[in-house]
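For reference, the structure is listed below as structure tokens.
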Amino acid sequence: MTCREYTEKFLSAHVDDELVGRERRVADGHVAGCFVCRQHHAENRRLKALISGHLQMAHVPAHTRLRINSAIGRVSESMAGSRYPTDRRFGYAALRSVFASASRTGRMPALLGVVASMVLIALVTTTRGPSPIPVPATPAFDLALAKFDSLAEDFVPNAPAESENSHGAYYAWVMDRDRDGSGDESTDLARTYREAGVPEEVFDFEPAGYGLIGGQVAETTDGRPMSYTMYRGEKGQILSICVRAPEMAAPVGARYWSGTHTFYEYKGHSVALTFYPEGHYISILVAREPVSDLLRDVSHAENSSPNL
Amino acid sequence: MGKSSSLRDRRLRFEQAALPHLDALYTSALRLARNRDDAEDLLQDTVLRAYRSFHQFSPGTNCRAWLLTILYNHFRSDYRRGWREQLANTGDEFERELEASSIAQDEGQDNPEQIAAGHSTAQLIQKALTTLPEEFRETLLLVDLQELNYQEVSEVLAIPLGTVKSRISRGRTMLRVALEKLKIGVGKTGT
């Protein structure tokens, strides 16, 4: 093998470990005995290392991951719903025959009533969708559930508590509230969070029967700001936790998706996970009510709350 | 019951096999689409196509290569024409954005002179790469960044294996020259 032959035909493939068998042995042998080609080989390896060592993959934004996850869920459901093409064709033919017969015998009104009932039952059952994949153990959810239980009876807002709200509990507020006179407890709390650098996530769960109890601004052990917001009502409580978690990815097994929220049934609780792209924050809502109720409450609150 | 369980199993297997490669797909999608919104759409379309045809994936083969093949095919067949028309306007802007984006890892200290001038090694490599013709750049990145082998690159780009080899060889030569112009040396051998 000549140097020119090596450089033109084998060098790159040699560097990329693409040579096998005889070609590999010949190339190794040539490089071992040729100083110049050995230099070329080393230079190309450094060039390769320069790219792999200094360039890295772009990161998919959290909201896009969530969107894709949600889209996969929809495709899954549509695949589940279109599994029996032959049965459906048979059903159509059979129905057409039944309708023709009912039309002839004058029993059409009764038949329409039966069909309407069947459609209603079908709608109720199909919107529940297939059973989800089990949610794997998720440390962030476990921590949120533990906090949910520990704060159930012992939640004290740590921002200045000035007055009692309509639920007989103190809420967090900010010092300039009385100056502009325009705030209410939820907007005050949102402002407190903004000043602390955490998402201004405050839901209006009043229509769902949960009153805002207040907020805590805290820090993780490594100094990241975070917040707890507590809502309480006759049905129990909803705890919202916001924390910076750039490494967090949505676990599989979601039950529902709505907007940027993903809903899970996890260890006897309902959990809503939300990603805030700005600052890589996540929010975890925890409640004891059925996950479909939490979905409905969050959707209603989101439509009515000025802070979201 | 059986079919529902089979669908759950399919989704679980898909998520385990494909989702770890989402960043890799997005990186290529960004380079193809040249703006973030289109790249995100291309990424989502690719993932959904892959999910629908997951039964065609052979376990034990390179899932990243399979996904990238779907992404490139989709881009070539459905997106390229429309997006090409945007390139004249958005190309320079996008290259600047790429230089500043997370694709360039800002940790290089190989060239104190350039670092002092405000350029990281990663940015300089990015800059050097942009001087390469597109076909050479994308072939090189599929090998060196996406870590595909030549056969996989051949399938992703739908080009003969020999073309992959020659593009890699010539691409590296061009990249070395471009880096030397930017004072990033990779060794002197006097080719």
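Residues are referred to by chain and number: the chain letter is A, B, ... according to the order shown in the structure tokens, the number counts from 1 in that chain, and ligands are numbered separately from 1 in the order shown.
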
Spatial neighbours of Leu295 of chain A, max dist 12 Å, only C-alpha atoms, sep filter under 5 positions, as a PDB file with C-alpha atoms, in the first residue's frame:
ATOM      1  CA  PHE A 205     -59.927  26.535  42.510  1.00  0.00           C
ATOM      2  CA  ALA A 208     -64.174  23.512  42.429  1.00  0.00           C
ATOM      3  CA  ALA A 254     -49.915   9.541  31.927  1.00  0.00           C
ATOM      4  CA  ARG A 255     -53.685   9.244  32.217  1.00  0.00           C
ATOM      5  CA  TYR A 256     -54.642  12.545  30.578  1.00  0.00           C
ATOM      6  CA  TRP A 257     -53.047  15.491  28.842  1.00  0.00           C
ATOM      7  CA  SER A 258     -54.467  18.985  28.760  1.00  0.00           C
ATOM      8  CA  GLY A 259     -52.547  21.950  27.427  1.00  0.00           C
ATOM      9  CA  THR A 260     -49.161  21.879  29.119  1.00  0.00           C
ATOM     10  CA  HIS A 261     -50.381  19.674  31.976  1.00  0.00           C
ATOM     11  CA  THR A 262     -49.957  15.916  32.213  1.00  0.00           C
ATOM     12  CA  PHE A 263     -52.095  13.987  34.674  1.00  0.00           C
ATOM     13  CA  TYR A 264     -51.167  10.785  36.448  1.00  0.00           C
ATOM     14  CA  GLU A 265     -52.654   8.363  38.928  1.00  0.00           C
ATOM     15  CA  SER A 270     -53.767  12.312  41.484  1.00  0.00           C
ATOM     16  CA  VAL A 271     -50.803  14.247  40.168  1.00  0.00           C
ATOM     17  CA  ALA A 272     -50.577  16.981  37.525  1.00  0.00           C
ATOM     18  CA  LEU A 273     -47.141  17.718  36.117  1.00  0.00           C
ATOM     19  CA  LEU A 285     -50.049  19.382  41.791  1.00  0.00           C
ATOM     20  CA  VAL A 286     -51.121  16.657  44.211  1.00  0.00           C
ATOM     21  CA  ALA A 287     -54.664  15.817  45.279  1.00  0.00           C
ATOM     22  CA  GLU A 289     -59.655  13.499  44.304  1.00  0.00           C
ATOM     23  CA  PRO A 290     -59.995  11.322  41.164  1.00  0.00           C
ATOM     24  CA  HIS A 300     -61.575  25.388  34.753  1.00  0.00           C
ATOM     25  CA  ALA A 301     -59.063  27.215  36.948  1.00  0.00           C
ATOM     26  CA  GLU A 302     -56.747  27.819  34.030  1.00  0.00           C
TER      27      GLU A 302
END

Distance cut-off 6 Å, counting only C-alpha atoms - which residues of chain A neighbour chain B? Return them as a VMD selection string.
chain A and resid 12 43 52 54 to 60 68 133

Long-range neighbours of His280 of chain A as a ChimeraX atom specification, 6 Å cut-off, only C-alpha atoms, 2 positions minimum in chain:
/A:244-246,276-278

Selection near segment 217-229 of chain A, 10 Å with only C-alpha atoms, sequence-local residues under 2 positions removed, as a PyMOL selection string:
chain A and resi 147-148+151+155+157-159+171-172+189+192-193+196-203+212-215+231+238-245+281-285

Atom pair atom CA of Arg232 of chain A / atom CA of Arg194 of chain A: separation (Å):
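Separation between atom CA of Arg232 of chain A and atom CA of Arg194 of chain A: 22.8 Å.
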
What is the distance, in Å and to one decimal place, between atom CA of His55 of chain B and atom CA of Glu18 of chain A?
29.2 Å
